[in-house]
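Next comes run_17.txt, with compact mmCIF, C-alpha atoms and all ligand atoms.
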```txt
# COMPACT_ATOMS: atom_id res chain seq x y z
CA SER D 16 -9.28 -25.81 24.42
CA VAL D 17 -10.48 -27.58 21.26
CA PRO D 18 -9.15 -26.41 17.87
CA MET D 19 -11.79 -24.53 15.89
CA THR D 20 -12.06 -23.50 12.24
CA ILE D 21 -13.26 -19.97 11.62
CA LEU D 22 -14.34 -18.24 8.42
CA GLY D 23 -13.47 -14.53 8.55
CA ILE D 24 -15.02 -11.78 6.40
CA GLU D 25 -13.65 -8.21 6.03
CA SER D 26 -15.12 -5.35 3.96
CA SER D 27 -14.68 -2.20 6.03
CA CYS D 28 -12.51 -0.15 3.67
CA ASP D 29 -11.30 -0.81 0.12
CA ASP D 30 -10.44 -4.51 0.33
CA THR D 31 -12.97 -7.33 0.07
CA ALA D 32 -11.49 -10.23 1.98
CA ALA D 33 -12.26 -13.70 3.31
CA ALA D 34 -10.03 -16.20 5.10
CA VAL D 35 -10.06 -19.43 7.06
CA VAL D 36 -8.07 -19.78 10.29
CA ARG D 37 -7.83 -22.96 12.33
CA GLY D 38 -6.48 -23.73 15.77
CA VAL D 39 -6.55 -22.43 19.31
CA PRO D 40 -5.67 -18.85 20.30
CA SER D 41 -2.11 -19.79 21.29
CA ASN D 42 -1.51 -21.81 18.13
CA ALA D 43 -3.56 -20.92 15.07
CA HIS D 44 -2.84 -21.29 11.36
CA VAL D 45 -4.01 -19.36 8.34
CA LEU D 46 -5.48 -21.96 5.95
CA SER D 47 -6.42 -19.38 3.32
CA ASN D 48 -6.32 -15.60 2.91
CA VAL D 49 -8.12 -14.07 -0.08
CA VAL D 50 -8.05 -10.28 -0.66
CA PHE D 51 -9.63 -8.42 -3.57
CA GLY D 52 -8.33 -4.85 -3.65
CA GLN D 53 -10.19 -1.95 -5.22
CA THR D 54 -7.28 0.39 -5.96
CA ASP D 55 -8.08 0.53 -9.68
CA ALA D 56 -11.76 1.29 -9.11
CA HIS D 57 -10.90 4.36 -7.01
CA ALA D 58 -7.73 5.46 -8.86
CA ALA D 59 -9.43 8.13 -10.98
CA PHE D 60 -10.96 9.80 -7.90
CA GLY D 61 -7.86 10.29 -5.77
CA GLY D 62 -9.27 8.44 -2.77
CA VAL D 63 -11.75 5.80 -1.70
CA VAL D 64 -15.28 6.62 -2.91
CA PRO D 65 -17.79 5.07 -0.44
CA GLU D 66 -20.47 4.27 -3.05
CA ILE D 67 -17.98 2.58 -5.36
CA ALA D 68 -16.49 0.66 -2.43
CA ALA D 69 -19.90 -0.58 -1.24
CA ARG D 70 -20.85 -1.80 -4.72
CA ALA D 71 -17.50 -3.53 -5.26
CA HIS D 72 -17.81 -5.29 -1.87
CA ALA D 73 -21.33 -6.49 -2.70
CA GLU D 74 -20.07 -7.80 -6.06
CA LYS D 75 -16.94 -9.55 -4.76
CA ILE D 76 -17.82 -10.83 -1.32
CA ASP D 77 -19.32 -14.19 -2.38
CA LEU D 78 -16.32 -14.79 -4.63
CA ALA D 79 -13.91 -14.01 -1.79
CA ILE D 80 -15.70 -16.45 0.54
CA GLU D 81 -15.83 -19.22 -2.09
CA GLY D 82 -12.14 -18.61 -2.78
CA ALA D 83 -11.20 -18.79 0.89
CA LEU D 84 -13.13 -22.02 1.43
CA SER D 85 -11.77 -23.68 -1.69
CA GLN D 86 -8.16 -22.63 -0.98
CA ALA D 87 -8.57 -24.11 2.49
CA GLY D 88 -10.06 -27.24 0.87
CA LEU D 89 -13.06 -27.04 3.18
CA GLY D 90 -16.82 -26.84 2.80
CA LEU D 91 -19.01 -24.76 5.11
CA ASP D 92 -19.80 -28.01 6.95
CA LYS D 93 -16.22 -27.98 8.31
CA ILE D 94 -16.48 -24.41 9.63
CA ASP D 95 -17.23 -23.83 13.34
CA ALA D 96 -18.12 -20.13 13.28
CA ILE D 97 -18.35 -17.06 11.07
CA ALA D 98 -16.48 -13.92 12.13
CA VAL D 99 -17.14 -10.62 10.41
CA THR D 100 -15.86 -7.06 10.73
CA ALA D 101 -18.75 -5.10 12.24
CA GLY D 102 -16.86 -1.77 12.26
CA PRO D 103 -15.31 0.75 12.32
CA GLY D 104 -15.25 1.69 8.64
CA LEU D 105 -17.35 2.79 5.70
CA VAL D 106 -20.87 1.78 6.65
CA GLY D 107 -21.87 0.50 3.19
CA GLY D 108 -18.92 -1.88 3.05
CA VAL D 109 -19.27 -3.06 6.65
CA LEU D 110 -22.97 -3.71 5.97
CA SER D 111 -22.14 -5.90 2.94
CA GLY D 112 -20.00 -8.12 5.15
CA VAL D 113 -22.38 -8.20 8.10
CA MET D 114 -25.41 -9.04 5.90
CA CYS D 115 -23.48 -11.77 4.16
CA ALA D 116 -22.28 -13.26 7.47
CA LYS D 117 -25.80 -13.13 8.91
CA GLY D 118 -27.15 -14.90 5.82
CA LEU D 119 -24.53 -17.65 6.11
CA SER D 120 -25.15 -17.99 9.82
CA ALA D 121 -28.93 -18.21 9.35
CA ALA D 122 -28.55 -20.79 6.57
CA THR D 123 -26.06 -23.02 8.42
CA GLY D 124 -26.85 -22.41 12.08
CA LEU D 125 -23.18 -21.51 12.67
CA PRO D 126 -22.37 -18.98 15.43
CA LEU D 127 -21.97 -15.37 14.26
CA ILE D 128 -19.15 -13.27 15.75
CA GLY D 129 -18.82 -9.51 15.19
CA VAL D 130 -15.21 -8.30 15.30
CA ASN D 131 -13.78 -4.81 15.66
CA HIS D 132 -11.44 -4.21 12.70
CA LEU D 133 -8.87 -2.51 14.92
CA ALA D 134 -8.89 -5.47 17.31
CA GLY D 135 -8.14 -7.64 14.27
CA HIS D 136 -5.01 -5.60 13.53
CA ALA D 137 -4.07 -5.41 17.21
CA LEU D 138 -4.24 -9.19 17.75
CA THR D 139 -2.30 -10.13 14.60
CA PRO D 140 1.12 -10.25 16.36
CA GLN D 141 -0.26 -13.10 18.49
CA LEU D 142 -1.31 -15.01 15.39
CA THR D 143 1.98 -14.49 13.55
CA ASP D 144 4.56 -14.39 16.34
CA GLY D 145 2.77 -15.69 19.39
CA ILE D 146 3.87 -12.74 21.53
CA ALA D 147 2.18 -12.50 24.91
CA PHE D 148 0.20 -9.60 26.36
CA PRO D 149 0.96 -6.82 27.10
CA TYR D 150 2.44 -5.12 24.04
CA VAL D 151 2.25 -1.78 22.30
CA MET D 152 0.95 -1.75 18.74
CA LEU D 153 1.58 1.02 16.26
CA LEU D 154 -1.06 0.85 13.58
CA VAL D 155 0.05 2.91 10.54
CA SER D 156 -1.80 2.74 7.25
CA GLY D 157 -3.69 4.92 4.82
CA GLY D 158 -6.61 5.16 7.22
CA HIS D 159 -5.20 4.52 10.68
CA CYS D 160 -2.48 5.95 12.86
CA GLN D 161 -2.55 5.13 16.53
CA PHE D 162 -0.66 3.60 19.42
CA LEU D 163 -2.55 0.94 21.36
CA LEU D 164 -1.55 -0.71 24.59
CA VAL D 165 -2.88 -4.26 24.20
CA GLN D 166 -3.29 -6.05 27.53
CA GLY D 167 -5.91 -8.60 26.59
CA HIS D 168 -8.15 -9.53 23.67
CA ASP D 169 -10.75 -7.13 25.02
CA ASP D 170 -8.42 -4.74 26.80
CA TYR D 171 -7.06 -1.86 24.72
CA THR D 172 -5.78 1.54 25.78
CA ARG D 173 -5.33 4.16 23.09
CA LEU D 174 -2.10 5.96 23.95
CA GLY D 175 -2.29 8.51 21.15
CA GLY D 176 -2.56 8.90 17.41
CA THR D 177 -2.71 11.34 14.56
CA ILE D 178 -4.73 14.47 15.03
CA ASP D 179 -5.20 14.87 11.26
CA ASP D 180 -3.93 12.71 8.36
CA ALA D 181 -2.65 9.15 8.61
CA PRO D 182 0.96 8.67 7.39
CA GLY D 183 -0.14 6.50 4.44
CA GLU D 184 -2.44 9.30 3.37
CA ALA D 185 0.52 11.71 3.60
CA PHE D 186 2.62 9.34 1.42
CA ASP D 187 -0.22 9.16 -1.10
CA LYS D 188 -0.69 12.95 -1.19
CA THR D 189 3.05 13.52 -1.47
CA ALA D 190 3.15 11.16 -4.44
CA ARG D 191 0.30 13.07 -6.06
CA ILE D 192 2.06 16.42 -5.49
CA LEU D 193 5.26 15.03 -7.04
CA ALA D 194 3.39 13.36 -9.93
CA LEU D 195 4.32 9.85 -8.84
CA PRO D 196 1.97 6.86 -9.21
CA GLN D 197 -0.47 5.61 -6.54
CA PRO D 198 -0.34 4.03 -4.05
CA GLY D 199 2.13 6.67 -2.98
CA GLY D 200 4.03 4.76 -0.30
CA PRO D 201 5.92 2.38 -2.56
CA SER D 202 6.66 5.02 -5.22
CA VAL D 203 7.88 7.62 -2.72
CA GLU D 204 10.05 4.97 -1.07
CA ARG D 205 11.52 3.92 -4.42
CA HIS D 206 12.43 7.51 -5.39
CA ALA D 207 13.71 8.30 -1.89
CA LYS D 208 16.46 5.69 -2.32
CA ALA D 209 18.23 8.01 -4.78
CA GLY D 210 17.70 11.15 -2.71
CA ASN D 211 19.37 13.09 0.11
CA ASP D 212 17.11 13.05 3.15
CA ARG D 213 18.61 16.29 4.49
CA ALA D 214 18.15 18.30 1.31
CA PHE D 215 14.91 19.83 2.58
CA ALA D 216 14.20 20.79 6.20
CA LEU D 217 10.61 19.61 6.61
CA PRO D 218 8.56 20.03 9.81
CA ARG D 219 8.37 17.35 12.50
CA PRO D 220 5.25 18.60 14.30
CA LEU D 221 4.43 17.96 17.97
CA LEU D 222 7.88 16.45 18.64
CA ASN D 223 8.48 18.72 21.63
CA ARG D 224 5.21 17.60 23.22
CA ASP D 225 5.27 14.82 25.73
CA ASP D 226 2.18 12.97 24.51
CA CYS D 227 1.94 10.34 21.75
CA ASN D 228 -0.10 12.45 19.36
CA MET D 229 1.09 13.14 15.84
CA SER D 230 0.27 15.43 12.94
CA PHE D 231 1.05 14.80 9.27
CA SER D 232 -1.05 17.31 7.37
CA GLY D 233 1.53 20.11 7.67
CA LEU D 234 4.09 17.89 5.99
CA LYS D 235 1.97 17.67 2.87
CA THR D 236 1.64 21.47 2.77
CA ALA D 237 5.40 21.82 3.21
CA ILE D 238 6.03 19.42 0.30
CA LEU D 239 3.64 21.40 -1.87
CA ARG D 240 5.41 24.65 -1.06
CA ALA D 241 8.88 23.15 -1.57
CA ARG D 242 7.82 21.72 -4.93
CA ASP D 243 6.51 25.10 -6.10
CA ASP D 244 9.75 26.82 -5.03
CA VAL D 245 11.75 24.25 -7.00
CA ILE D 246 9.55 24.76 -10.05
CA ASP D 247 9.96 28.55 -9.76
CA GLN D 248 13.75 28.22 -9.60
CA HIS D 249 14.27 25.46 -12.16
CA GLY D 250 11.29 25.85 -14.45
CA GLY D 251 10.35 22.27 -13.65
CA LEU D 252 10.95 19.48 -11.16
CA PRO D 253 14.32 17.81 -11.86
CA SER D 254 14.20 14.15 -10.99
CA SER D 255 17.17 14.36 -8.59
CA ILE D 256 15.37 17.08 -6.60
CA ARG D 257 12.19 15.03 -6.65
CA SER D 258 14.19 12.20 -5.07
CA ASP D 259 15.52 14.62 -2.44
CA LEU D 260 11.95 15.69 -1.64
CA CYS D 261 10.87 12.04 -1.31
CA ALA D 262 13.82 11.21 0.94
CA SER D 263 13.31 14.31 3.11
CA PHE D 264 9.60 13.59 3.45
CA GLN D 265 10.18 9.94 4.37
CA ALA D 266 12.79 10.95 6.96
CA ALA D 267 10.34 13.38 8.56
CA VAL D 268 7.64 10.68 8.87
CA ARG D 269 10.25 8.24 10.21
CA ASP D 270 11.50 10.70 12.83
CA VAL D 271 7.98 11.47 14.08
CA LEU D 272 7.01 7.79 14.27
CA VAL D 273 10.20 6.80 16.12
CA ALA D 274 10.07 9.71 18.57
CA LYS D 275 6.41 9.06 19.35
CA SER D 276 6.98 5.30 19.62
CA ARG D 277 9.50 6.09 22.34
CA LYS D 278 6.88 8.17 24.16
CA ALA D 279 4.25 5.46 23.66
CA MET D 280 6.51 2.82 25.22
CA ALA D 281 7.15 5.14 28.16
CA ALA D 282 3.42 5.80 28.58
CA ALA D 283 2.72 2.06 28.41
CA ARG D 284 5.46 1.33 30.95
CA ALA D 285 3.82 3.77 33.36
CA LEU D 286 0.60 1.74 33.09
CA THR D 287 2.12 -1.73 33.02
CA PRO D 288 5.81 -1.97 33.99
CA GLU D 289 6.31 -5.45 32.50
CA ILE D 290 5.82 -4.22 28.92
CA ARG D 291 8.60 -5.61 26.69
CA SER D 292 7.20 -5.83 23.15
CA PHE D 293 6.38 -3.41 20.36
CA ALA D 294 4.49 -4.40 17.21
CA VAL D 295 3.66 -2.59 13.99
CA ALA D 296 0.87 -3.18 11.48
CA GLY D 297 -0.60 -1.39 8.47
CA GLY D 298 0.65 -0.67 4.96
CA VAL D 299 3.20 1.95 6.06
CA ALA D 300 4.98 -0.76 8.07
CA ALA D 301 6.12 -2.05 4.66
CA ASN D 302 8.45 0.95 4.40
CA GLY D 303 12.04 -0.25 4.80
CA THR D 304 13.40 3.02 6.22
CA ILE D 305 10.59 3.35 8.78
CA ARG D 306 10.68 -0.33 9.69
CA SER D 307 14.45 -0.39 10.30
CA ALA D 308 14.30 2.81 12.36
CA LEU D 309 11.61 1.27 14.58
CA GLU D 310 13.57 -1.96 14.78
CA ALA D 311 16.69 -0.03 15.83
CA PHE D 312 14.77 1.88 18.48
CA CYS D 313 13.50 -1.43 19.89
CA ALA D 314 16.94 -3.06 19.85
CA GLU D 315 18.39 -0.09 21.69
CA THR D 316 15.71 -0.20 24.39
CA ASP D 317 15.74 -4.00 24.83
CA THR D 318 12.25 -4.30 23.40
CA THR D 319 11.05 -7.20 21.24
CA PHE D 320 10.08 -5.90 17.80
CA VAL D 321 7.30 -7.67 15.89
CA ALA D 322 6.29 -6.88 12.31
CA PRO D 323 3.86 -9.42 10.84
CA PRO D 324 4.32 -10.37 7.16
CA LEU D 325 2.78 -7.77 4.89
CA SER D 326 -0.15 -9.97 3.83
CA LEU D 327 -1.30 -10.00 7.46
CA CYS D 328 -0.16 -6.43 8.19
CA THR D 329 -2.47 -4.76 5.67
CA ASP D 330 -6.25 -5.22 5.63
CA ASN D 331 -7.18 -8.90 5.48
CA ALA D 332 -9.76 -11.35 6.83
CA ALA D 333 -7.37 -13.78 8.53
CA MET D 334 -6.96 -11.26 11.36
CA ILE D 335 -10.77 -11.09 11.65
CA ALA D 336 -11.06 -14.90 11.72
CA TYR D 337 -8.33 -15.05 14.38
CA ALA D 338 -9.98 -12.38 16.55
CA GLY D 339 -13.23 -14.34 16.07
CA LEU D 340 -11.50 -17.53 17.21
CA ILE D 341 -10.44 -15.83 20.44
CA ARG D 342 -13.94 -14.44 21.02
CA LEU D 343 -15.49 -17.85 20.35
CA GLN D 344 -13.20 -19.45 22.94
CA HIS D 345 -14.46 -16.81 25.40
CA GLY D 346 -18.09 -17.52 24.52
CA GLN D 347 -18.46 -14.05 22.99
CA ILE D 348 -21.00 -14.82 20.29
CA ASP D 349 -23.37 -12.37 18.61
CA ASP D 350 -26.91 -12.86 17.35
CA MET D 351 -28.97 -11.49 14.47
CA SER D 352 -29.12 -8.10 16.17
CA LEU D 353 -25.45 -7.53 15.17
CA THR D 354 -25.21 -4.16 13.40
CA ALA D 355 -22.62 -2.33 11.31
CA ARG D 356 -20.90 0.36 13.37
CA PRO D 357 -19.18 3.08 11.32
CA ARG D 358 -17.53 4.39 14.51
CA TRP D 359 -16.41 1.88 17.07
CA PRO D 360 -13.50 2.89 19.30
CA LEU D 361 -11.73 -0.03 20.96
O1 LIG G 401 -2.96 -1.08 5.45
P1 LIG G 401 -3.20 -0.60 4.07
O2 LIG G 401 -3.02 -1.55 2.91
O3 LIG G 401 -4.67 -0.06 3.90
C1 LIG G 401 -5.30 0.88 4.69
O4 LIG G 401 -4.97 2.08 4.54
O5 LIG G 401 -6.18 0.47 5.48
O6 LIG G 401 -2.27 0.67 3.84
C2 LIG G 401 -2.21 1.35 2.63
C3 LIG G 401 -1.36 2.57 2.82
C4 LIG G 401 -1.31 3.47 1.60
O7 LIG G 401 -1.51 4.80 2.01
C5 LIG G 401 0.08 3.25 1.05
O8 LIG G 401 0.62 4.37 0.38
C6 LIG G 401 0.87 2.93 2.30
O9 LIG G 401 0.00 2.17 3.10
N1 LIG G 401 2.09 2.19 1.97
C7 LIG G 401 3.32 2.63 2.21
C8 LIG G 401 4.20 1.66 1.66
N2 LIG G 401 3.46 0.66 1.12
C9 LIG G 401 2.16 1.00 1.33
N3 LIG G 401 3.77 3.74 2.82
C10 LIG G 401 5.09 3.92 2.89
N4 LIG G 401 6.00 3.05 2.37
C11 LIG G 401 5.61 1.92 1.75
N5 LIG G 401 6.51 1.09 1.23
ZN ZN G 402 -7.11 -1.69 8.57
```
Would you write the structure of this file as structure tokens?
Ligand code: KG4
Ligand code: ZN
Amino acid sequence: SVPMTILGIESSCDDTAAAVVRGVPSNAHVLSNVVFGQTDAHAAFGGVVPEIAARAHAEKIDLAIEGALSQAGLGLDKIDAIAVTAGPGLVGGVLSGVMCAKGLSAATGLPLIGVNHLAGHALTPQLTDGIAFPYVMLLVSGGHCQFLLVQGHDDYTRLGGTIDDAPGEAFDKTARILALPQPGGPSVERHAKAGNDRAFALPRPLLNRDDCNMSFSGLKTAILRARDDVIDQHGGLPSSIRSDLCASFQAAVRDVLVAKSRKAMAAARALTPEIRSFAVAGGVAANGTIRSALEAFCAETDTTFVAPPLSLCTDNAAMIAYAGLIRLQHGQIDDMSLTARPRWPL
């Protein structure tokens, strides 16, 4: 097939992003990847505030697109199609992106391609590592936690996922409980390095169940209770004990993710025996302890482990442009009736 150049736009959560990807599905390159985060705007509220997110997207989206085009050294005249996240996500943010993409498409006559955000994550290992279908993807971030069996660009089977909080959310809440800065993942990981991960016996829910479902909300409650016990005993939270709590918490998340990854691979193998690869994506995949445990599990089961670089692992528009490139090659183009879908299961 002919190489194509795609402009991608992403605004479904708390990152406003645009990127340019060029190539064919089996060999594509990221020419630019611009992400404007909103962490500071939401920091005071302890979570993403939809109204603030929607306004920030509307304010930054043109800038992100101009940045992506100029970093790629291309004008819109060199673009072949516009791909945009059409869901799932916060509807105000998704709408900002979809309206903007429709406007660009109407003004230039370029094809418009709506992309499912989760498909963007799920196809990233092909962009970064060229691994072939089928593979299992563990998507772990502040908002997502699920296992997907990916057998084609339009063929996803959800094998299981969290029944309550996402692990990133649990890291963030744990950091808040222990008075550590946000985002919680990196600060909990940093403090865990000095701690004993067996100091506290924290729950590993649903481990005795045979499915790939997970639960992380009980962990947060357990951390809260453990912290209060420590404060009762010591009149405060000594920093060495705080490190122990971080390490014990991180070990519990790691154990659940590894045990359920094992079950997910088994479930995938039952559906498609030739499965040989396991990929991770999402902010939590940045965690060294979790990443090496997953890597070790793969090595031990003769499974190829793929972890895209962090810039393509967390929310970005290059994954949307790449998913758009694949859809374009399959003639899957949308028209002006494209709508923002807050819920859109794969
Ligand atoms: O993929 P991402 O940037 O955004 C979405 O949630 O969509 O993921 C952010 C999440 C946050 O909850 C953050 O605390 C977590 O990923 N995170 C980590 C680490 N770095 C980021 N969790 C554990 N360990 C880390 N090193
Ligand atoms: Zn995401």
*ligand ZN 402 (chain G) neighbours within 10 Å using all atoms listed in the file, as a list of chain:residue names*: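 Those within range of ligand ZN 402 (chain G) are D:Glu25, D:Ser26, D:Ser27, D:Cys28, D:Asp29, D:Asp30, D:Pro103, D:Gly104, D:His132, D:Leu133, D:Ala134, D:Gly135, D:His136, D:Ala137, D:Leu154, D:Val155, D:Ser156, D:Gly157, D:Gly158, D:His159, D:Cys160, D:Ala296, D:Gly297, D:Gly298, D:Cys328, D:Thr329, D:Asp330, D:Asn331, D:Met334.
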*Nearby residues, (-4.3, -18.9, 19.7) file frame, 8 Å, all atoms listed in the file, as a PyMOL selection string*: chain D and resi 38-43+141-142+145+337+340-341
*Give me the residues within 12 Å of Arg291 (chain D) as a count of residues only, counting all atoms listed in the file and dropping any in the same chain fewer than 5 places off.*
22
*Tell me which of D:Gly124, D:Gly200, D:Gly107, D:Gly88 sits closest to ligand LIG 401 (chain G), counting only C-alpha atoms and all ligand atoms.*
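Ranked by minimum distance to ligand LIG 401 (chain G), first place goes to D:Gly200.
Computed from the coordinates, the CA of Gly339 (chain D) to CA of Val17 (chain D) distance equals 14.5 Å.
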*CA of Gln347 (chain D) and CA of Ile97 (chain D), how far apart in Å?*
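Between CA of Ile97 (chain D) and CA of Gln347 (chain D) the gap works out to 12.3 Å.
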*Could you please determine the separation between CA of Leu138 (chain D) and CA of Leu119 (chain D) in Å, to one decimal place?*
24.9 Å
*Which is closer to ligand LIG 401 (chain G) than all the others in D:Cys261, D:Ile348, D:Ala279, D:Leu343, using all atoms listed in the file?*
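Closest to ligand LIG 401 (chain G), using all atoms listed in the file: D:Cys261.
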Tell me, as a short mmCIF file (atom, residue, chain, number, x, y, z; two decimals) with C-alpha atoms, in the frame of the given file, which residues lie within 9 Å of Ile305 (chain D), counting only C-alpha atoms; anything in the same chain fewer than 6 positions away does not count.
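Final file, out.cif:
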```cif
data_model
loop_
_atom_site.label_atom_id
_atom_site.label_comp_id
_atom_site.auth_asym_id
_atom_site.auth_seq_id
_atom_site.Cartn_x
_atom_site.Cartn_y
_atom_site.Cartn_z
CA GLN D 265 10.18 9.94 4.37
CA ALA D 266 12.79 10.95 6.96
CA VAL D 268 7.64 10.68 8.87
CA ARG D 269 10.25 8.24 10.21
CA ASP D 270 11.50 10.70 12.83
CA LEU D 272 7.01 7.79 14.27
CA VAL D 273 10.20 6.80 16.12
CA VAL D 299 3.20 1.95 6.06
#
```
*Would you list the residues near (-20.5, -2.5, -5.6), meaning any protein, DNA or RNA residue with an atom at most 12 Å from that point in file coordinates, counting only C-alpha atoms, as a PyMOL selection string?*
chain D and resi 26+29-31+53+56-57+64-76+107-108+110-111
Padded axis-aligned box of region 249-264 of chain D (6 Å per side), centre and edge lengths, Å, one decimal, as lines of an AutoDock Vina configuration file:
```
center_x = 13.4
center_y = 18.5
center_z = -5.5
size_x = 19.6
size_y = 26.6
size_z = 29.9
```
*Residue among D:Glu184, D:Glu289, D:Glu81, D:Asp92 lying closest to ligand LIG 401 (chain G), counting only C-alpha atoms and all ligand atoms*: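 Closest to ligand LIG 401 (chain G), using only C-alpha atoms and all ligand atoms: D:Glu184.
Shell of Thr236 (chain D) at 10 Å, with only C-alpha atoms counted and residues fewer than 3 places along the chain excluded, is Ala185, Lys188, Thr189, Ile192, Leu217, Pro218, Phe231, Ser232, Gly233, Leu239, Arg240, Ala241 and Arg242 of chain D.
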*Between D:Leu309, D:Ile80, D:Val50, D:Ala301, which one has atoms that come closest to ligand LIG 401 (chain G), using only C-alpha atoms and all ligand atoms?*
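Checking each candidate against ligand LIG 401 (chain G), we get D:Ala301 as the closest.
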*Go through D:Asp55, D:Ser258, D:Val106, D:Met229 one by one, measure the shortest atom-to-atom distance of each to Ala194 (chain D) using all atoms listed in the file, and give the residue with the smallest value.*
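Distance minimum relative to Ala194 (chain D) lands on D:Ser258.
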*Which of D:Arg342, D:Arg306, D:Lys275, D:Arg205 sits closest to Leu325 (chain D) [using only C-alpha atoms]*: D:Arg306
